[in-house]
file work.cif (mmCIF, C-alpha atoms; chains and numbers go by the auth columns)
data_structure
#
loop_
_atom_site.group_PDB
_atom_site.id
_atom_site.type_symbol
_atom_site.label_atom_id
_atom_site.label_comp_id
_atom_site.label_asym_id
_atom_site.label_seq_id
_atom_site.Cartn_x
_atom_site.Cartn_y
_atom_site.Cartn_z
_atom_site.B_iso_or_equiv
_atom_site.auth_seq_id
_atom_site.auth_asym_id
ATOM 1 C CA GLY A 1 -24.358 -48.448 -36.363 0.00 1 A
ATOM 2 C CA GLU A 2 -21.916 -45.708 -37.229 0.00 2 A
ATOM 3 C CA ASN A 3 -18.795 -45.177 -35.102 0.00 3 A
ATOM 4 C CA VAL A 4 -16.996 -41.852 -35.085 0.00 4 A
ATOM 5 C CA GLU A 5 -13.570 -41.656 -33.497 0.00 5 A
ATOM 6 C CA GLN A 6 -12.000 -38.304 -32.729 0.00 6 A
ATOM 7 C CA HIS A 7 -8.382 -37.451 -31.879 0.00 7 A
ATOM 8 C CA PRO A 8 -6.791 -35.955 -29.900 0.00 8 A
ATOM 9 C CA SER A 9 -8.958 -35.665 -26.820 0.00 9 A
ATOM 10 C CA THR A 10 -7.029 -32.595 -25.650 0.00 10 A
ATOM 11 C CA LEU A 11 -4.903 -30.156 -27.606 0.00 11 A
ATOM 12 C CA SER A 12 -2.923 -27.204 -26.333 0.00 12 A
ATOM 13 C CA VAL A 13 -1.339 -24.682 -28.711 0.00 13 A
ATOM 14 C CA GLN A 14 0.257 -21.268 -28.515 0.00 14 A
ATOM 15 C CA GLU A 15 -1.676 -18.321 -29.859 0.00 15 A
ATOM 16 C CA GLY A 16 -0.986 -17.946 -33.564 0.00 16 A
ATOM 17 C CA ASP A 17 -0.176 -21.616 -34.103 0.00 17 A
ATOM 18 C CA SER A 18 -2.359 -24.027 -36.067 0.00 18 A
ATOM 19 C CA ALA A 19 -4.570 -26.742 -34.593 0.00 19 A
ATOM 20 C CA VAL A 20 -5.672 -29.944 -36.324 0.00 20 A
ATOM 21 C CA ILE A 21 -8.363 -32.341 -35.107 0.00 21 A
ATOM 22 C CA LYS A 22 -9.038 -35.622 -36.879 0.00 22 A
ATOM 23 C CA CYS A 23 -12.065 -37.898 -37.078 0.00 23 A
ATOM 24 C CA THR A 24 -12.679 -41.269 -38.669 0.00 24 A
ATOM 25 C CA TYR A 25 -16.038 -42.861 -39.430 0.00 25 A
ATOM 26 C CA SER A 26 -17.164 -46.340 -40.358 0.00 26 A
ATOM 27 C CA ASP A 27 -20.339 -45.975 -42.437 0.00 27 A
ATOM 28 C CA SER A 28 -19.391 -45.525 -46.081 0.00 28 A
ATOM 29 C CA ALA A 29 -22.896 -44.199 -46.783 0.00 29 A
ATOM 30 C CA SER A 30 -22.321 -41.115 -44.624 0.00 30 A
ATOM 31 C CA ASN A 31 -22.411 -37.988 -46.754 0.00 31 A
ATOM 32 C CA TYR A 32 -22.443 -35.009 -44.394 0.00 32 A
ATOM 33 C CA PHE A 33 -19.818 -34.102 -41.819 0.00 33 A
ATOM 34 C CA PRO A 34 -20.363 -31.102 -39.547 0.00 34 A
ATOM 35 C CA TRP A 35 -18.005 -29.677 -36.938 0.00 35 A
ATOM 36 C CA TYR A 36 -19.322 -28.056 -33.773 0.00 36 A
ATOM 37 C CA LYS A 37 -17.763 -25.782 -31.174 0.00 37 A
ATOM 38 C CA GLN A 38 -19.100 -26.011 -27.638 0.00 38 A
ATOM 39 C CA GLU A 39 -18.281 -23.425 -25.013 0.00 39 A
ATOM 40 C CA LEU A 40 -18.880 -23.961 -21.325 0.00 40 A
ATOM 41 C CA GLY A 41 -22.560 -23.935 -20.429 0.00 41 A
ATOM 42 C CA LYS A 42 -23.717 -23.627 -24.021 0.00 42 A
ATOM 43 C CA GLY A 43 -25.025 -25.928 -26.687 0.00 43 A
ATOM 44 C CA PRO A 44 -22.854 -26.954 -29.643 0.00 44 A
ATOM 45 C CA GLN A 45 -22.619 -24.406 -32.454 0.00 45 A
ATOM 46 C CA LEU A 46 -21.916 -25.358 -36.052 0.00 46 A
ATOM 47 C CA ILE A 47 -18.675 -23.817 -37.283 0.00 47 A
ATOM 48 C CA ILE A 48 -18.185 -25.565 -40.621 0.00 48 A
ATOM 49 C CA ASP A 49 -19.483 -28.582 -42.497 0.00 49 A
ATOM 50 C CA ILE A 50 -18.582 -30.568 -45.571 0.00 50 A
ATOM 51 C CA ARG A 51 -20.538 -32.817 -47.881 0.00 51 A
ATOM 52 C CA SER A 52 -19.216 -35.897 -49.580 0.00 52 A
ATOM 53 C CA ASN A 53 -19.065 -34.348 -53.037 0.00 53 A
ATOM 54 C CA VAL A 54 -16.156 -32.045 -52.074 0.00 54 A
ATOM 55 C CA GLY A 55 -12.745 -32.700 -50.586 0.00 55 A
ATOM 56 C CA GLU A 56 -12.069 -29.415 -48.849 0.00 56 A
ATOM 57 C CA LYS A 57 -13.931 -26.380 -47.600 0.00 57 A
ATOM 58 C CA LYS A 58 -12.544 -23.201 -46.073 0.00 58 A
ATOM 59 C CA ASP A 59 -14.069 -20.343 -44.126 0.00 59 A
ATOM 60 C CA GLN A 60 -11.557 -17.707 -43.049 0.00 60 A
ATOM 61 C CA ARG A 61 -9.281 -19.362 -40.450 0.00 61 A
ATOM 62 C CA ILE A 62 -11.196 -22.641 -40.432 0.00 62 A
ATOM 63 C CA ALA A 63 -10.966 -25.426 -42.993 0.00 63 A
ATOM 64 C CA VAL A 64 -12.203 -28.989 -43.210 0.00 64 A
ATOM 65 C CA THR A 65 -10.818 -31.750 -45.408 0.00 65 A
ATOM 66 C CA LEU A 66 -12.514 -35.017 -46.288 0.00 66 A
ATOM 67 C CA ASN A 67 -10.983 -38.253 -47.535 0.00 67 A
ATOM 68 C CA LYS A 68 -13.872 -40.584 -48.375 0.00 68 A
ATOM 69 C CA THR A 69 -11.614 -43.434 -49.411 0.00 69 A
ATOM 70 C CA ALA A 70 -9.896 -43.473 -46.045 0.00 70 A
ATOM 71 C CA LYS A 71 -13.103 -42.443 -44.229 0.00 71 A
ATOM 72 C CA HIS A 72 -11.577 -39.602 -42.329 0.00 72 A
ATOM 73 C CA PHE A 73 -12.049 -35.854 -42.113 0.00 73 A
ATOM 74 C CA SER A 74 -10.117 -33.156 -40.319 0.00 74 A
ATOM 75 C CA LEU A 75 -10.644 -29.691 -38.893 0.00 75 A
ATOM 76 C CA HIS A 76 -7.862 -27.158 -39.357 0.00 76 A
ATOM 77 C CA ILE A 77 -7.740 -23.883 -37.438 0.00 77 A
ATOM 78 C CA THR A 78 -5.003 -21.442 -38.418 0.00 78 A
ATOM 79 C CA GLU A 79 -3.748 -18.402 -36.521 0.00 79 A
ATOM 80 C CA THR A 80 -5.426 -19.612 -33.354 0.00 80 A
ATOM 81 C CA GLN A 81 -6.716 -17.085 -30.835 0.00 81 A
ATOM 82 C CA PRO A 82 -7.585 -17.489 -27.143 0.00 82 A
ATOM 83 C CA GLU A 83 -11.283 -17.267 -28.016 0.00 83 A
ATOM 84 C CA ASP A 84 -10.903 -20.446 -30.053 0.00 84 A
ATOM 85 C CA SER A 85 -10.518 -22.296 -26.747 0.00 85 A
ATOM 86 C CA ALA A 86 -13.506 -24.672 -26.443 0.00 86 A
ATOM 87 C CA VAL A 87 -14.514 -28.283 -26.996 0.00 87 A
ATOM 88 C CA TYR A 88 -14.837 -29.279 -30.646 0.00 88 A
ATOM 89 C CA PHE A 89 -16.989 -32.148 -31.895 0.00 89 A
ATOM 90 C CA CYS A 90 -17.115 -33.836 -35.258 0.00 90 A
ATOM 91 C CA ALA A 91 -20.211 -35.677 -36.398 0.00 91 A
ATOM 92 C CA SER A 92 -21.275 -37.987 -39.175 0.00 92 A
ATOM 93 C CA SER A 93 -24.625 -37.690 -40.836 0.00 93 A
ATOM 94 C CA ASN A 94 -26.683 -40.777 -41.303 0.00 94 A
ATOM 95 C CA ASP A 95 -27.599 -41.288 -37.680 0.00 95 A
ATOM 96 C CA MET A 96 -25.875 -38.187 -36.296 0.00 96 A
ATOM 97 C CA ARG A 97 -23.067 -39.851 -34.390 0.00 97 A
ATOM 98 C CA PHE A 98 -20.749 -37.442 -32.613 0.00 98 A
ATOM 99 C CA GLY A 99 -17.118 -37.908 -31.755 0.00 99 A
ATOM 100 C CA ALA A 100 -16.071 -37.763 -28.119 0.00 100 A
ATOM 101 C CA GLY A 101 -14.763 -34.223 -28.448 0.00 101 A
ATOM 102 C CA THR A 102 -11.424 -32.396 -28.386 0.00 102 A
ATOM 103 C CA ARG A 103 -10.712 -29.822 -25.717 0.00 103 A
ATOM 104 C CA LEU A 104 -8.640 -27.114 -27.419 0.00 104 A
ATOM 105 C CA THR A 105 -6.722 -24.645 -25.278 0.00 105 A
ATOM 106 C CA VAL A 106 -5.036 -21.674 -26.929 0.00 106 A
ATOM 107 C CA LYS A 107 -2.414 -20.099 -24.681 0.00 107 A
ATOM 108 C CA PRO A 108 -1.876 -16.351 -25.063 0.00 108 A
ATOM 109 C CA GLU B 1 -33.834 -14.698 -35.164 0.00 1 B
ATOM 110 C CA ALA B 2 -34.648 -16.319 -31.839 0.00 2 B
ATOM 111 C CA GLY B 3 -32.736 -19.495 -31.102 0.00 3 B
ATOM 112 C CA VAL B 4 -33.820 -22.803 -29.659 0.00 4 B
ATOM 113 C CA ALA B 5 -35.240 -22.306 -26.164 0.00 5 B
ATOM 114 C CA GLN B 6 -35.030 -24.897 -23.410 0.00 6 B
ATOM 115 C CA SER B 7 -36.242 -25.002 -19.835 0.00 7 B
ATOM 116 C CA PRO B 8 -35.399 -25.493 -17.115 0.00 8 B
ATOM 117 C CA ARG B 9 -31.663 -24.823 -17.390 0.00 9 B
ATOM 118 C CA TYR B 10 -30.858 -26.890 -14.316 0.00 10 B
ATOM 119 C CA LYS B 11 -32.682 -29.624 -12.449 0.00 11 B
ATOM 120 C CA ILE B 12 -31.728 -31.688 -9.429 0.00 12 B
ATOM 121 C CA ILE B 13 -33.835 -34.701 -8.473 0.00 13 B
ATOM 122 C CA GLU B 14 -33.487 -37.887 -6.503 0.00 14 B
ATOM 123 C CA LYS B 15 -33.381 -41.276 -8.178 0.00 15 B
ATOM 124 C CA ARG B 16 -36.754 -42.796 -8.968 0.00 16 B
ATOM 125 C CA GLN B 17 -38.337 -39.355 -9.288 0.00 17 B
ATOM 126 C CA SER B 18 -39.772 -38.035 -12.555 0.00 18 B
ATOM 127 C CA VAL B 19 -38.596 -35.050 -14.561 0.00 19 B
ATOM 128 C CA ALA B 20 -39.651 -33.265 -17.740 0.00 20 B
ATOM 129 C CA PHE B 21 -37.787 -30.963 -20.076 0.00 21 B
ATOM 130 C CA TRP B 22 -39.277 -28.526 -22.544 0.00 22 B
ATOM 131 C CA CYS B 23 -37.991 -27.327 -25.906 0.00 23 B
ATOM 132 C CA ASN B 24 -39.209 -24.631 -28.274 0.00 24 B
ATOM 133 C CA PRO B 25 -37.472 -24.898 -31.658 0.00 25 B
ATOM 134 C CA ILE B 26 -36.669 -22.118 -34.088 0.00 26 B
ATOM 135 C CA SER B 27 -39.849 -20.908 -35.724 0.00 27 B
ATOM 136 C CA GLY B 28 -40.623 -22.838 -38.886 0.00 28 B
ATOM 137 C CA HIS B 29 -38.154 -25.671 -38.255 0.00 29 B
ATOM 138 C CA ALA B 30 -39.799 -28.977 -39.093 0.00 30 B
ATOM 139 C CA THR B 31 -37.236 -31.277 -37.486 0.00 31 B
ATOM 140 C CA LEU B 32 -36.516 -31.470 -33.785 0.00 32 B
ATOM 141 C CA TYR B 33 -33.902 -33.563 -31.976 0.00 33 B
ATOM 142 C CA TRP B 34 -33.232 -34.509 -28.384 0.00 34 B
ATOM 143 C CA TYR B 35 -29.690 -35.429 -27.387 0.00 35 B
ATOM 144 C CA GLN B 36 -28.153 -36.678 -24.161 0.00 36 B
ATOM 145 C CA GLN B 37 -24.650 -35.418 -23.406 0.00 37 B
ATOM 146 C CA ILE B 38 -22.876 -37.122 -20.546 0.00 38 B
ATOM 147 C CA LEU B 39 -19.956 -35.184 -19.069 0.00 39 B
ATOM 148 C CA GLY B 40 -16.842 -35.592 -21.200 0.00 40 B
ATOM 149 C CA GLN B 41 -18.680 -37.207 -24.112 0.00 41 B
ATOM 150 C CA GLY B 42 -20.225 -36.122 -27.364 0.00 42 B
ATOM 151 C CA PRO B 43 -23.995 -35.705 -27.694 0.00 43 B
ATOM 152 C CA LYS B 44 -25.949 -38.910 -28.249 0.00 44 B
ATOM 153 C CA LEU B 45 -29.126 -38.731 -30.304 0.00 45 B
ATOM 154 C CA LEU B 46 -32.179 -39.909 -28.349 0.00 46 B
ATOM 155 C CA ILE B 47 -35.036 -39.084 -30.689 0.00 47 B
ATOM 156 C CA GLN B 48 -35.718 -37.224 -33.921 0.00 48 B
ATOM 157 C CA PHE B 49 -39.102 -35.739 -34.839 0.00 49 B
ATOM 158 C CA GLN B 50 -40.270 -34.628 -38.255 0.00 50 B
ATOM 159 C CA ASN B 51 -43.174 -32.293 -37.521 0.00 51 B
ATOM 160 C CA ASN B 52 -45.123 -34.337 -34.952 0.00 52 B
ATOM 161 C CA GLY B 53 -43.998 -37.753 -36.159 0.00 53 B
ATOM 162 C CA VAL B 54 -41.069 -39.805 -34.862 0.00 54 B
ATOM 163 C CA VAL B 55 -38.344 -40.452 -37.442 0.00 55 B
ATOM 164 C CA ASP B 56 -35.818 -42.207 -35.210 0.00 56 B
ATOM 165 C CA ASP B 57 -36.018 -43.273 -31.577 0.00 57 B
ATOM 166 C CA SER B 58 -33.697 -46.265 -31.769 0.00 58 B
ATOM 167 C CA GLN B 59 -31.447 -44.994 -28.957 0.00 59 B
ATOM 168 C CA LEU B 60 -34.212 -43.841 -26.635 0.00 60 B
ATOM 169 C CA PRO B 61 -34.497 -46.020 -23.478 0.00 61 B
ATOM 170 C CA LYS B 62 -38.210 -46.476 -23.889 0.00 62 B
ATOM 171 C CA ASP B 63 -38.732 -48.167 -20.536 0.00 63 B
ATOM 172 C CA ARG B 64 -38.122 -44.844 -18.789 0.00 64 B
ATOM 173 C CA PHE B 65 -37.825 -42.114 -21.419 0.00 65 B
ATOM 174 C CA SER B 66 -40.662 -40.664 -23.460 0.00 66 B
ATOM 175 C CA ALA B 67 -40.981 -37.681 -25.744 0.00 67 B
ATOM 176 C CA GLU B 68 -43.734 -35.985 -27.611 0.00 68 B
ATOM 177 C CA ARG B 69 -44.116 -33.136 -30.037 0.00 69 B
ATOM 178 C CA LEU B 70 -47.785 -32.332 -30.124 0.00 70 B
ATOM 179 C CA LYS B 71 -48.814 -29.934 -32.901 0.00 71 B
ATOM 180 C CA GLY B 72 -45.359 -30.231 -34.432 0.00 72 B
ATOM 181 C CA VAL B 73 -43.825 -27.299 -32.571 0.00 73 B
ATOM 182 C CA ASP B 74 -42.801 -27.545 -28.904 0.00 74 B
ATOM 183 C CA SER B 75 -41.543 -30.804 -27.488 0.00 75 B
ATOM 184 C CA THR B 76 -41.203 -32.371 -24.059 0.00 76 B
ATOM 185 C CA LEU B 77 -38.834 -35.110 -22.953 0.00 77 B
ATOM 186 C CA LYS B 78 -39.727 -37.049 -19.818 0.00 78 B
ATOM 187 C CA ILE B 79 -37.796 -39.451 -17.636 0.00 79 B
ATOM 188 C CA GLN B 80 -39.731 -41.691 -15.264 0.00 80 B
ATOM 189 C CA PRO B 81 -38.256 -43.015 -13.053 0.00 81 B
ATOM 190 C CA ALA B 82 -34.816 -41.400 -13.147 0.00 82 B
ATOM 191 C CA LYS B 83 -31.606 -43.318 -12.479 0.00 83 B
ATOM 192 C CA LEU B 84 -28.211 -42.046 -11.367 0.00 84 B
ATOM 193 C CA GLU B 85 -26.794 -42.686 -14.845 0.00 85 B
ATOM 194 C CA ASP B 86 -29.316 -40.248 -16.341 0.00 86 B
ATOM 195 C CA SER B 87 -27.266 -37.348 -14.975 0.00 87 B
ATOM 196 C CA ALA B 88 -26.318 -35.420 -18.100 0.00 88 B
ATOM 197 C CA VAL B 89 -27.074 -32.361 -20.178 0.00 89 B
ATOM 198 C CA TYR B 90 -30.141 -32.790 -22.365 0.00 90 B
ATOM 199 C CA LEU B 91 -29.845 -30.830 -25.566 0.00 91 B
ATOM 200 C CA CYS B 92 -32.588 -29.931 -27.985 0.00 92 B
ATOM 201 C CA ALA B 93 -31.813 -28.995 -31.582 0.00 93 B
ATOM 202 C CA SER B 94 -33.869 -28.089 -34.609 0.00 94 B
ATOM 203 C CA SER B 95 -33.308 -27.890 -38.327 0.00 95 B
ATOM 204 C CA GLY B 96 -35.281 -26.738 -41.280 0.00 96 B
ATOM 205 C CA THR B 97 -35.089 -30.004 -43.184 0.00 97 B
ATOM 206 C CA THR B 98 -38.336 -31.187 -44.643 0.00 98 B
ATOM 207 C CA GLY B 99 -37.172 -34.741 -45.263 0.00 99 B
ATOM 208 C CA SER B 100 -38.229 -37.703 -43.214 0.00 100 B
ATOM 209 C CA TYR B 101 -34.983 -39.660 -43.289 0.00 101 B
ATOM 210 C CA ARG B 102 -32.796 -40.547 -40.342 0.00 102 B
ATOM 211 C CA GLY B 103 -30.074 -38.084 -39.478 0.00 103 B
ATOM 212 C CA SER B 104 -29.782 -34.775 -41.187 0.00 104 B
ATOM 213 C CA THR B 105 -27.774 -32.931 -43.788 0.00 105 B
ATOM 214 C CA ASP B 106 -29.192 -29.597 -42.732 0.00 106 B
ATOM 215 C CA THR B 107 -27.633 -27.343 -40.138 0.00 107 B
ATOM 216 C CA GLN B 108 -28.804 -28.176 -36.632 0.00 108 B
ATOM 217 C CA TYR B 109 -29.212 -25.341 -34.175 0.00 109 B
ATOM 218 C CA PHE B 110 -28.800 -26.324 -30.551 0.00 110 B
ATOM 219 C CA GLY B 111 -30.376 -24.883 -27.455 0.00 111 B
ATOM 220 C CA PRO B 112 -28.359 -24.230 -24.277 0.00 112 B
ATOM 221 C CA GLY B 113 -29.398 -27.544 -22.739 0.00 113 B
ATOM 222 C CA THR B 114 -30.825 -28.657 -19.411 0.00 114 B
ATOM 223 C CA ARG B 115 -28.308 -29.962 -16.885 0.00 115 B
ATOM 224 C CA LEU B 116 -29.887 -32.830 -14.929 0.00 116 B
ATOM 225 C CA THR B 117 -28.356 -34.119 -11.729 0.00 117 B
ATOM 226 C CA VAL B 118 -29.818 -37.299 -10.253 0.00 118 B
ATOM 227 C CA LEU B 119 -28.867 -37.905 -6.607 0.00 119 B
#

call {"tool": "encode", "arguments": {"input": "work.cif", "output": "structure tokens"}}
result
Amino acid sequence: GENVEQHPSTLSVQEGDSAVIKCTYSDSASNYFPWYKQELGKGPQLIIDIRSNVGEKKDQRIAVTLNKTAKHFSLHITETQPEDSAVYFCASSNDMRFGAGTRLTVKP
Amino acid sequence: EAGVAQSPRYKIIEKRQSVAFWCNPISGHATLYWYQQILGQGPKLLIQFQNNGVVDDSQLPKDRFSAERLKGVDSTLKIQPAKLEDSAVYLCASSGTTGSYRGSTDTQYFGPGTRLTVL
């Protein structure tokens, strides 16, 4: 089955800095890669996704890049704010495998 | 638009007891998912329904876990008997996909989850 590896497991940045989270996957047939944000006591919420026919997608301060050859995709958050603090998960489509999560802390 | 509803929010039971969780998906969503999220890990897909049919239950421990989605709307997930390692948050999600393939390329909307503690 698909394996999705996510790094780093924890990330601490100063407010205003950028944060980058990386994921790799193993199934070359995967074609959809969502990113979720999970706050304490809540279910994951989709923040951005990318499909295999594009290499980059941006939505305000959030962007995702995909390298299908290398089988990795990354989440980029610019101008981080304290409210960005949460656990972030990547996932890979075919059988909806999730990464282990990255706990992002944005220090004011 | 109302989100995915789950109940109860918390449940504490002793090992070998039974427990059931309920999920009401977003109105009109054909696909429903149950995930298990152990503390410090990502969600793990247990079962995927398309309307009232099972699309994928390959990771469901069928000796103790069961799920149903009668009438293709609400769903229940049951554990009988529970083990200590079943302590986790059980998440329900739904999407509007009308396909019957494994996984999804449509946005999944998650409920708040049910936190199960098995003592």

call {"tool": "residues_around", "arguments": {"input": "work.cif", "residues": "Asp74 (chain B)", "least_positions_apart": "2", "cutoff": "10 Å", "atoms": "only C-alpha atoms", "output": "list in words"}}
result
Ala5, Gln6, Trp22, Cys23, Asn24, Pro25, Ile26, Ser27, Leu32, Asn51, Asn52, Glu68, Arg69, Leu70, Lys71, Gly72 and Thr76 of chain B

call {"tool": "resolve_selection", "arguments": {"input": "work.cif", "expression": "the PyMOL selection byres ((chain B) within 10 of (chain A))", "output": "MDAnalysis selection string"}}
result
chainID B and resid 4 9 40:45 48 56 58 89:93 101:115

call {"tool": "atom_distance", "arguments": {"input": "work.cif", "atom1": "CA of Trp35 (chain A)", "atom2": "CA of Thr69 (chain A)"}}
result
19.6 Å

call {"tool": "closest_residue", "arguments": {"input": "work.cif", "among": "A:Glu79, A:Asp84, A:Glu5, A:Asp59", "to": "Ser18 (chain A)", "atoms": "all atoms listed in the file"}}
result
A:Glu79

call {"tool": "atom_distance", "arguments": {"input": "work.cif", "atom1": "CA of Gln37 (chain B)", "atom2": "CA of Pro61 (chain B)"}}
result
14.5 Å

call {"tool": "atom_distance", "arguments": {"input": "work.cif", "atom1": "CA of Thr31 (chain B)", "atom2": "CA of Gly96 (chain B)"}}
result
6.2 Å

call {"tool": "resolve_selection", "arguments": {"input": "work.cif", "expression": "the PyMOL selection byres ((chain B and resi 80-82) around 7)", "output": "list in words"}}
result
Lys15, Arg16, Gln17, Ser18, Val19, Arg64, Phe65, Lys78, Ile79, Lys83, Leu84 and Asp86 of chain B

call {"tool": "closest_residue", "arguments": {"input": "work.cif", "among": "A:His7, A:Gly55, A:Glu39, A:Lys107", "to": "Val20 (chain A)", "atoms": "only C-alpha atoms"}}
result
A:His7

call {"tool": "residues_around", "arguments": {"input": "work.cif", "residues": "Glu15 (chain A)", "least_positions_apart": "2", "cutoff": "6 Å", "atoms": "all atoms listed in the file", "output": "NGL selection string"}}
result
:A and (17 or 80-81 or 106-108)

call {"tool": "residues_near_point", "arguments": {"input": "work.cif", "point": "(-11.9, -45.1, -46.3)", "cutoff": "10 Å", "atoms": "only C-alpha atoms", "output": "list in words"}}
result
Thr24, Tyr25, Ser26, Asp27, Ser28, Asn67, Lys68, Thr69, Ala70, Lys71 and His72 of chain A

call {"tool": "closest_residue", "arguments": {"input": "work.cif", "among": "A:Ser52, A:Thr105, A:Gln6, A:Gln38", "to": "Pro82 (chain A)", "atoms": "all atoms listed in the file"}}
result
A:Thr105

call {"tool": "build_atoms", "arguments": {"input": "work.cif", "residues": "region 35-48 of chain A", "atoms": "N, CA, C and O atoms", "output": "PDB file, keeping the file's coordinate frame"}}
result
ATOM      1  N   TRP A  35     -18.859 -29.903 -38.105  1.00  0.00           N
ATOM      2  CA  TRP A  35     -18.005 -29.677 -36.938  1.00  0.00           C
ATOM      3  C   TRP A  35     -18.692 -28.647 -36.041  1.00  0.00           C
ATOM      4  O   TRP A  35     -19.186 -27.632 -36.522  1.00  0.00           O
ATOM      5  N   TYR A  36     -18.686 -28.935 -34.727  1.00  0.00           N
ATOM      6  CA  TYR A  36     -19.322 -28.056 -33.773  1.00  0.00           C
ATOM      7  C   TYR A  36     -18.313 -27.575 -32.743  1.00  0.00           C
ATOM      8  O   TYR A  36     -17.392 -28.303 -32.355  1.00  0.00           O
ATOM      9  N   LYS A  37     -18.548 -26.365 -32.262  1.00  0.00           N
ATOM     10  CA  LYS A  37     -17.763 -25.782 -31.174  1.00  0.00           C
ATOM     11  C   LYS A  37     -18.693 -25.631 -29.978  1.00  0.00           C
ATOM     12  O   LYS A  37     -19.805 -25.100 -30.116  1.00  0.00           O
ATOM     13  N   GLN A  38     -18.267 -26.120 -28.825  1.00  0.00           N
ATOM     14  CA  GLN A  38     -19.100 -26.011 -27.638  1.00  0.00           C
ATOM     15  C   GLN A  38     -18.334 -25.299 -26.531  1.00  0.00           C
ATOM     16  O   GLN A  38     -17.306 -25.783 -26.064  1.00  0.00           O
ATOM     17  N   GLU A  39     -18.859 -24.170 -26.126  1.00  0.00           N
ATOM     18  CA  GLU A  39     -18.281 -23.425 -25.013  1.00  0.00           C
ATOM     19  C   GLU A  39     -19.006 -23.793 -23.729  1.00  0.00           C
ATOM     20  O   GLU A  39     -20.133 -24.307 -23.748  1.00  0.00           O
ATOM     21  N   LEU A  40     -18.373 -23.546 -22.620  1.00  0.00           N
ATOM     22  CA  LEU A  40     -18.880 -23.961 -21.325  1.00  0.00           C
ATOM     23  C   LEU A  40     -20.291 -23.437 -21.085  1.00  0.00           C
ATOM     24  O   LEU A  40     -20.549 -22.237 -21.230  1.00  0.00           O
ATOM     25  N   GLY A  41     -21.195 -24.331 -20.756  1.00  0.00           N
ATOM     26  CA  GLY A  41     -22.560 -23.935 -20.429  1.00  0.00           C
ATOM     27  C   GLY A  41     -23.446 -23.630 -21.623  1.00  0.00           C
ATOM     28  O   GLY A  41     -24.574 -23.157 -21.455  1.00  0.00           O
ATOM     29  N   LYS A  42     -22.937 -23.913 -22.818  1.00  0.00           N
ATOM     30  CA  LYS A  42     -23.717 -23.627 -24.021  1.00  0.00           C
ATOM     31  C   LYS A  42     -23.901 -24.889 -24.853  1.00  0.00           C
ATOM     32  O   LYS A  42     -23.179 -25.871 -24.689  1.00  0.00           O
ATOM     33  N   GLY A  43     -24.844 -24.828 -25.758  1.00  0.00           N
ATOM     34  CA  GLY A  43     -25.025 -25.928 -26.687  1.00  0.00           C
ATOM     35  C   GLY A  43     -24.006 -25.859 -27.809  1.00  0.00           C
ATOM     36  O   GLY A  43     -23.399 -24.819 -28.053  1.00  0.00           O
ATOM     37  N   PRO A  44     -23.788 -26.958 -28.513  1.00  0.00           N
ATOM     38  CA  PRO A  44     -22.854 -26.954 -29.643  1.00  0.00           C
ATOM     39  C   PRO A  44     -23.302 -25.972 -30.725  1.00  0.00           C
ATOM     40  O   PRO A  44     -24.491 -25.804 -30.955  1.00  0.00           O
ATOM     41  N   GLN A  45     -22.325 -25.345 -31.374  1.00  0.00           N
ATOM     42  CA  GLN A  45     -22.619 -24.406 -32.454  1.00  0.00           C
ATOM     43  C   GLN A  45     -21.860 -24.849 -33.689  1.00  0.00           C
ATOM     44  O   GLN A  45     -20.647 -25.070 -33.628  1.00  0.00           O
ATOM     45  N   LEU A  46     -22.557 -24.959 -34.803  1.00  0.00           N
ATOM     46  CA  LEU A  46     -21.916 -25.358 -36.052  1.00  0.00           C
ATOM     47  C   LEU A  46     -20.902 -24.310 -36.480  1.00  0.00           C
ATOM     48  O   LEU A  46     -21.195 -23.119 -36.508  1.00  0.00           O
ATOM     49  N   ILE A  47     -19.687 -24.763 -36.799  1.00  0.00           N
ATOM     50  CA  ILE A  47     -18.675 -23.817 -37.283  1.00  0.00           C
ATOM     51  C   ILE A  47     -18.329 -24.040 -38.752  1.00  0.00           C
ATOM     52  O   ILE A  47     -17.988 -23.098 -39.463  1.00  0.00           O
ATOM     53  N   ILE A  48     -18.431 -25.262 -39.220  1.00  0.00           N
ATOM     54  CA  ILE A  48     -18.185 -25.565 -40.621  1.00  0.00           C
ATOM     55  C   ILE A  48     -18.687 -26.972 -40.897  1.00  0.00           C
ATOM     56  O   ILE A  48     -18.767 -27.797 -39.973  1.00  0.00           O
TER      57      ILE A  48
END
